[in-house]
Each structure stands twice: as structure tokens, then as C-alpha cells.
Amino acid sequence: MASQKLRRRLHHGDVDGQRREHYETSGLNSSSEPLLGDNNCSNNNNKKLATLKDIWDDERKKEQLHWTFLFSEVIVQWTQWLGIYIVFRSGSMVGRLLSLPSNALNSQSIRMRRPSLSPLQEARLRNLCCRLEVPFDGSRTEHQDSLRQLWKLAYPGRELPALKSELWKEMGWQGSDPSTDFRGGGYISLENLIFFAQKYPESFERLLHKKDGIRAEWEYPFAVAGINISFMLVQMLDLQTGTPSCLAGIRFLEMLEEDDRAFDNLYCVAFQMMDAQWLAKRASYMQFNDVLKSTRTQLQRELALEDVSTVKDLPAYNLLR
């Protein structure tokens, strides 16, 4: 009698939500021996089926446990977020019980939501946004007078030059006509420079004349650098949107409560910080943008400090004189 090989293949699939199972058999001489005629073969097959059934049951249990774990994790996370949201919005006791204060959400993320502003903060923010919308206009008498005022503050006792003169380059304007350098900085950047000269005259003079540290052969132009710093601050604080939502912007809104010139004071800190970065990096003219990026990063870091509520609380404020 020819030898017999028996092959059984289990096929299963999910059809219309129901499991279908069937066997396929094949052999080289199927008529020589009945498939179910041997008890030992039958017992072996029954054992194999039982083993397969146990494996499937184990897999189903593992899958159920896996999804149960995932679902419980989702529930826990939503509970934490809900608790923190309630604490932040209303300060309720229920929220405090639901929240996990350890590491559920760090303080910086909480501050990403803009808090309710006081009428004073709203008014000061509106005033600042109005200032940001004013472009520099060299034909306006007020703007011309501001340029003259800046010259007098920078060079007291010196003769006032014409509005178009090569002498303006000494202050760090790129050409003989300062009005061409403002571009995106707007009129507020000129106001910032004037404020700096009036509020912190010693620091202004030292930066203007590059008196600190070992200077580069090709230095940054003072006035143009000031315009870039104004523009950088507007972007960093998210002021161009009118409703700051970043961490630095939210902290700045808190500063407005205490100081209506918070932006101008922060400008002075940023300018002094930029010069310190310039010296630390031993930078030259072509590296100005990199220095400005480093200044922005450092200023954002200081604004994120927990004990900072006013511009004077910033560590870099101590650089001003």
C-alpha cells in the first residue's frame, strides 16, 4: 500500500460578523485509507484542535487586555486635562481633586491660554497696537522732529545736520537719508531709540559709541540694529496679531498691568542683551542675524522665569545703567 500523507489546513475569516472555519484535505492515495478510520490519528487531530483553540483564546484575552489598558489610559489623561482646565478657568475644588499637580501639565503650557485682561491692560494693549500700526513717514513734521530729537540726544552740543546728510551714518544709518531704513520697523522703532536715550542715557551712549568689550573691526550699525530689535520684539511677543497667545506674549501682558511703557523698557533690555551676545560671540557684521536670534532665545528664556512679573525682574535688566 502506498504511503499516505494527510494535510489539514484550517481557514478562518470574519464574514458578516461571523467566524467561518473549514478543513481542506488532500493525499497521494486517498482511497487506500479512510481519513477518520484511525483512532490514533483522530485523537492526535483532536489534541491539535484543542491546542489551537487554547492559543486563540489566549490571543483574544491578550487583545482584550491591551485595548482595556489603552482605554483606561485615555480616561486617565482626559481626567487630568479636565481637572487642570477647571482649575485654570474657575479654581473650583472639583478641579483640584481631579488634577494631578506633579507632572500632568507644566506651568508654561497653562500660560499659553490668554488670561482675562483688566480694563487697564486692555487699554494699554490697544494703545501699543495703535503705535505699531504707524509707519515712519519722512514727510510728516512730527516724524522729522523725532529724528532731530534723536540726534540731539545722541550728540548733545553738536550741530544738527539736515535730514539728508552723510553725518547720519555716524549713528548707524545705512545711508544719508534715515527714512529709508525704517521699513518694517515703523515709527515705534524711532520712539524706542528716543526712549532708550532718555531713560538709560549711559547705556545708550556706551552702545552708540561701542565702549564695552573688545569690538569687531566691522561692527553692527547702531540705529539699524535698533530698528531690527523693535521688529524682533513685535514678532516674539506675538503683538502683530493684537492678541498675544505665546508664553512670552502672555508674560508681557502681565507686565503691562504694572508699566504702560513695558514694551519700551523691554526694548532697552533687549538692546543691551544683544550687545552682550555680540561680544560673547566675538561677532562681526555678517553674523548680526545669528546674534539677534540668540538674543531672542535668551529673552524668551528670561521671560519664562517664574519670579518675573515686571521688566525690572529680568536678570538682563541689571545690564542697564
# chains A, B, ... in the order shown; residues from 1 in each chain; ligands from 1

$ residues_around --residues "Ser179 (chain A)" --least-positions-apart "6" --cutoff "9 Å" --atoms "only C-alpha atoms" --output "list in words"
Phe136, Asp137, Gly138, Leu163 and Lys164 of chain A

$ write_last_selection --atoms "N, CA, C and O atoms" --output "PDB file, in the first residue's frame"
ATOM      1  N   PHE A 136       6.764 104.844   9.516  1.00  0.00           N
ATOM      2  CA  PHE A 136       7.554 106.078   9.521  1.00  0.00           C
ATOM      3  C   PHE A 136       7.324 106.805   8.209  1.00  0.00           C
ATOM      4  O   PHE A 136       7.391 106.225   7.128  1.00  0.00           O
ATOM      5  N   ASP A 137       7.050 108.099   8.331  1.00  0.00           N
ATOM      6  CA  ASP A 137       6.775 108.925   7.153  1.00  0.00           C
ATOM      7  C   ASP A 137       7.683 110.147   7.200  1.00  0.00           C
ATOM      8  O   ASP A 137       7.484 111.060   8.012  1.00  0.00           O
ATOM      9  N   GLY A 138       8.691 110.153   6.345  1.00  0.00           N
ATOM     10  CA  GLY A 138       9.661 111.238   6.340  1.00  0.00           C
ATOM     11  C   GLY A 138       9.083 112.588   5.965  1.00  0.00           C
ATOM     12  O   GLY A 138       9.732 113.620   6.176  1.00  0.00           O
ATOM     13  N   LEU A 163      18.154 116.712   7.248  1.00  0.00           N
ATOM     14  CA  LEU A 163      17.519 115.398   7.316  1.00  0.00           C
ATOM     15  C   LEU A 163      18.126 114.411   6.330  1.00  0.00           C
ATOM     16  O   LEU A 163      17.970 113.198   6.482  1.00  0.00           O
ATOM     17  N   LYS A 164      18.815 114.940   5.327  1.00  0.00           N
ATOM     18  CA  LYS A 164      19.576 114.093   4.415  1.00  0.00           C
ATOM     19  C   LYS A 164      21.022 114.569   4.453  1.00  0.00           C
ATOM     20  O   LYS A 164      21.368 115.613   3.904  1.00  0.00           O
TER      21      LYS A 164
END

$ atom_distance --atom1 "CA of Asp290 (chain A)" --atom2 "CA of Gly213 (chain A)"
19.0 Å

$ atom_distance --atom1 "CA of Arg251 (chain A)" --atom2 "CA of Phe195 (chain A)"
21.8 Å

$ closest_residue --among "A:Ser203, A:Ser309, A:Ser230, A:Ser189" --to "Leu256 (chain A)" --atoms "only C-alpha atoms"
A:Ser309

$ closest_residue --among "A:Arg183, A:Leu167, A:Trp151, A:Trp173" --to "Pro135 (chain A)" --atoms "only C-alpha atoms"
A:Arg183

$ residues_around --residues "region 315-321 of chain A" --least-positions-apart "5" --cutoff "12 Å" --atoms "only C-alpha atoms" --output "PyMOL selection string"
chain A and resi 196-207+212+265-277+295+298-305+307-310

$ write_last_selection --atoms "C-alpha atoms" --output "mmCIF file, in the first residue's frame"
data_model
loop_
_atom_site.group_PDB
_atom_site.id
_atom_site.type_symbol
_atom_site.label_atom_id
_atom_site.label_comp_id
_atom_site.auth_asym_id
_atom_site.auth_seq_id
_atom_site.Cartn_x
_atom_site.Cartn_y
_atom_site.Cartn_z
ATOM 1 C CA PHE A 196 16.369 104.455 25.348
ATOM 2 C CA ALA A 197 18.411 107.649 25.130
ATOM 3 C CA GLN A 198 16.165 109.427 27.648
ATOM 4 C CA LYS A 199 15.636 106.644 30.181
ATOM 5 C CA TYR A 200 19.057 104.977 30.162
ATOM 6 C CA PRO A 201 21.445 107.617 28.746
ATOM 7 C CA GLU A 202 24.634 105.959 29.962
ATOM 8 C CA SER A 203 23.805 102.589 28.402
ATOM 9 C CA PHE A 204 22.630 104.327 25.234
ATOM 10 C CA GLU A 205 25.904 106.221 24.918
ATOM 11 C CA ARG A 206 28.065 103.161 25.577
ATOM 12 C CA LEU A 207 26.244 101.143 22.926
ATOM 13 C CA ASP A 212 32.254 97.986 26.105
ATOM 14 C CA ASN A 265 11.659 99.171 28.675
ATOM 15 C CA LEU A 266 11.854 95.651 27.293
ATOM 16 C CA TYR A 267 13.374 97.108 24.135
ATOM 17 C CA CYS A 268 16.192 98.653 26.154
ATOM 18 C CA VAL A 269 16.869 95.332 27.879
ATOM 19 C CA ALA A 270 16.887 93.528 24.535
ATOM 20 C CA PHE A 271 19.322 96.045 23.011
ATOM 21 C CA GLN A 272 21.727 95.719 25.916
ATOM 22 C CA MET A 273 21.358 91.932 25.819
ATOM 23 C CA MET A 274 22.080 91.889 22.095
ATOM 24 C CA ASP A 275 25.341 93.788 22.580
ATOM 25 C CA ALA A 276 26.384 91.352 25.321
ATOM 26 C CA GLN A 277 25.681 88.440 22.956
ATOM 27 C CA THR A 295 19.122 87.406 21.877
ATOM 28 C CA GLN A 298 17.708 84.311 25.816
ATOM 29 C CA LEU A 299 14.977 86.905 26.281
ATOM 30 C CA GLN A 300 12.257 84.270 25.891
ATOM 31 C CA ARG A 301 14.033 82.157 28.478
ATOM 32 C CA GLU A 302 14.142 85.011 30.967
ATOM 33 C CA LEU A 303 10.504 85.914 30.374
ATOM 34 C CA ALA A 304 9.576 82.327 31.256
ATOM 35 C CA LEU A 305 11.101 82.561 34.732
ATOM 36 C CA ASP A 307 9.570 85.160 39.544
ATOM 37 C CA VAL A 308 9.372 87.644 36.657
ATOM 38 C CA SER A 309 6.389 89.992 36.727
ATOM 39 C CA THR A 310 7.942 93.270 35.569
#

$ closest_atom_pairs --of "region 144-243 of chain A" --to "region 279-283 of chain A" --cutoff "10 Å" --atoms "only C-alpha atoms" --output "CSV"
residue,atom,partner,partner_atom,distance
A:Asp212,CA,A:Leu279,CA,8.5
A:Gly213,CA,A:Leu279,CA,6.5
A:Ile214,CA,A:Leu279,CA,7.1
A:Arg215,CA,A:Leu279,CA,7.1
A:Ala216,CA,A:Ala283,CA,6.8
A:Glu217,CA,A:Ala283,CA,9.7
A:Trp218,CA,A:Ala283,CA,9.0
A:Glu219,CA,A:Ala283,CA,8.3
A:Tyr220,CA,A:Ala283,CA,9.1

$ select_by_dssp --residues "region 217-316 of chain A" --states "alpha helix (DSSP H)" --output "count of residues only"
63

$ atom_distance --atom1 "CA of Leu193 (chain A)" --atom2 "CA of Ala223 (chain A)"
7.9 Å

$ closest_residue --among "A:Val234, A:Leu120, A:Leu239, A:Val224" --to "Gly175 (chain A)" --atoms "only C-alpha atoms"
A:Val224

$ closest_residue --among "A:Gln121, A:Gln144, A:Asn192, A:Thr243" --to "Pro178 (chain A)" --atoms "only C-alpha atoms"
A:Gln144

$ residues_around --residues "Leu208 (chain A)" --least-positions-apart "4" --cutoff "8 Å" --atoms "only C-alpha atoms" --output "ChimeraX atom specification"
/A:154,171,204,222

$ write_last_selection --atoms "N, CA, C and O atoms" --output "PDB file, in the first residue's frame"
ATOM      1  N   ALA A 154      21.715 111.911  21.029  1.00  0.00           N
ATOM      2  CA  ALA A 154      22.903 111.113  20.761  1.00  0.00           C
ATOM      3  C   ALA A 154      24.171 111.963  20.765  1.00  0.00           C
ATOM      4  O   ALA A 154      25.236 111.531  21.222  1.00  0.00           O
ATOM      5  N   MET A 171      25.638 107.577  13.230  1.00  0.00           N
ATOM      6  CA  MET A 171      24.729 106.975  14.211  1.00  0.00           C
ATOM      7  C   MET A 171      24.380 105.527  13.851  1.00  0.00           C
ATOM      8  O   MET A 171      23.830 104.801  14.680  1.00  0.00           O
ATOM      9  N   PHE A 204      22.810 103.899  26.618  1.00  0.00           N
ATOM     10  CA  PHE A 204      22.630 104.327  25.234  1.00  0.00           C
ATOM     11  C   PHE A 204      23.954 104.823  24.650  1.00  0.00           C
ATOM     12  O   PHE A 204      24.343 104.449  23.536  1.00  0.00           O
ATOM     13  N   PHE A 222      24.493 100.931  14.744  1.00  0.00           N
ATOM     14  CA  PHE A 222      23.684 101.122  15.944  1.00  0.00           C
ATOM     15  C   PHE A 222      22.207 101.369  15.627  1.00  0.00           C
ATOM     16  O   PHE A 222      21.321 100.666  16.141  1.00  0.00           O
TER      17      PHE A 222
END

$ decode --residues "region 218-239 of chain A" --atoms "N, CA and C atoms" --output "PDB file, in the first residue's frame"
ATOM      1  N   TRP A 218      34.442  95.170  11.993  1.00  0.00           N
ATOM      2  CA  TRP A 218      33.249  95.577  11.244  1.00  0.00           C
ATOM      3  C   TRP A 218      32.052  95.448  12.176  1.00  0.00           C
ATOM      4  N   GLU A 219      31.692  96.513  12.855  1.00  0.00           N
ATOM      5  CA  GLU A 219      30.649  96.495  13.881  1.00  0.00           C
ATOM      6  C   GLU A 219      29.246  96.595  13.279  1.00  0.00           C
ATOM      7  N   TYR A 220      28.261  96.236  14.114  1.00  0.00           N
ATOM      8  CA  TYR A 220      26.874  96.407  13.685  1.00  0.00           C
ATOM      9  C   TYR A 220      26.513  97.891  13.710  1.00  0.00           C
ATOM     10  N   PRO A 221      25.700  98.374  12.770  1.00  0.00           N
ATOM     11  CA  PRO A 221      25.271  99.782  12.765  1.00  0.00           C
ATOM     12  C   PRO A 221      24.230 100.010  13.852  1.00  0.00           C
ATOM     13  N   PHE A 222      24.493 100.931  14.744  1.00  0.00           N
ATOM     14  CA  PHE A 222      23.684 101.122  15.944  1.00  0.00           C
ATOM     15  C   PHE A 222      22.207 101.369  15.627  1.00  0.00           C
ATOM     16  N   ALA A 223      21.893 102.362  14.828  1.00  0.00           N
ATOM     17  CA  ALA A 223      20.500 102.741  14.577  1.00  0.00           C
ATOM     18  C   ALA A 223      19.727 101.634  13.867  1.00  0.00           C
ATOM     19  N   VAL A 224      20.342 101.038  12.854  1.00  0.00           N
ATOM     20  CA  VAL A 224      19.673  99.969  12.113  1.00  0.00           C
ATOM     21  C   VAL A 224      19.470  98.745  13.007  1.00  0.00           C
ATOM     22  N   ALA A 225      20.435  98.479  13.878  1.00  0.00           N
ATOM     23  CA  ALA A 225      20.276  97.378  14.830  1.00  0.00           C
ATOM     24  C   ALA A 225      19.071  97.637  15.733  1.00  0.00           C
ATOM     25  N   GLY A 226      18.900  98.901  16.153  1.00  0.00           N
ATOM     26  CA  GLY A 226      17.753  99.244  16.990  1.00  0.00           C
ATOM     27  C   GLY A 226      16.427  98.987  16.298  1.00  0.00           C
ATOM     28  N   ILE A 227      16.339  99.280  15.010  1.00  0.00           N
ATOM     29  CA  ILE A 227      15.115  99.015  14.252  1.00  0.00           C
ATOM     30  C   ILE A 227      14.829  97.510  14.190  1.00  0.00           C
ATOM     31  N   ASN A 228      15.879  96.734  13.989  1.00  0.00           N
ATOM     32  CA  ASN A 228      15.721  95.276  13.944  1.00  0.00           C
ATOM     33  C   ASN A 228      15.262  94.712  15.283  1.00  0.00           C
ATOM     34  N   ILE A 229      15.723  95.291  16.361  1.00  0.00           N
ATOM     35  CA  ILE A 229      15.316  94.821  17.687  1.00  0.00           C
ATOM     36  C   ILE A 229      13.837  95.121  17.930  1.00  0.00           C
ATOM     37  N   SER A 230      13.375  96.285  17.507  1.00  0.00           N
ATOM     38  CA  SER A 230      11.946  96.602  17.640  1.00  0.00           C
ATOM     39  C   SER A 230      11.102  95.572  16.892  1.00  0.00           C
ATOM     40  N   PHE A 231      11.495  95.284  15.672  1.00  0.00           N
ATOM     41  CA  PHE A 231      10.753  94.323  14.856  1.00  0.00           C
ATOM     42  C   PHE A 231      10.792  92.933  15.488  1.00  0.00           C
ATOM     43  N   MET A 232      11.951  92.525  16.003  1.00  0.00           N
ATOM     44  CA  MET A 232      12.084  91.224  16.646  1.00  0.00           C
ATOM     45  C   MET A 232      11.161  91.097  17.847  1.00  0.00           C
ATOM     46  N   LEU A 233      11.066  92.157  18.649  1.00  0.00           N
ATOM     47  CA  LEU A 233      10.204  92.119  19.832  1.00  0.00           C
ATOM     48  C   LEU A 233       8.732  91.967  19.464  1.00  0.00           C
ATOM     49  N   VAL A 234       8.306  92.666  18.438  1.00  0.00           N
ATOM     50  CA  VAL A 234       6.912  92.557  17.993  1.00  0.00           C
ATOM     51  C   VAL A 234       6.586  91.115  17.604  1.00  0.00           C
ATOM     52  N   GLN A 235       7.515  90.481  16.886  1.00  0.00           N
ATOM     53  CA  GLN A 235       7.303  89.100  16.470  1.00  0.00           C
ATOM     54  C   GLN A 235       7.353  88.148  17.664  1.00  0.00           C
ATOM     55  N   MET A 236       8.312  88.326  18.526  1.00  0.00           N
ATOM     56  CA  MET A 236       8.491  87.430  19.667  1.00  0.00           C
ATOM     57  C   MET A 236       7.307  87.466  20.620  1.00  0.00           C
ATOM     58  N   LEU A 237       6.753  88.665  20.829  1.00  0.00           N
ATOM     59  CA  LEU A 237       5.641  88.828  21.761  1.00  0.00           C
ATOM     60  C   LEU A 237       4.277  88.573  21.113  1.00  0.00           C
ATOM     61  N   ASP A 238       4.288  88.279  19.814  1.00  0.00           N
ATOM     62  CA  ASP A 238       3.047  87.968  19.083  1.00  0.00           C
ATOM     63  C   ASP A 238       2.110  89.179  19.038  1.00  0.00           C
ATOM     64  N   LEU A 239       2.677  90.369  19.025  1.00  0.00           N
ATOM     65  CA  LEU A 239       1.871  91.584  19.078  1.00  0.00           C
ATOM     66  C   LEU A 239       1.219  91.917  17.742  1.00  0.00           C
TER      67      LEU A 239
END
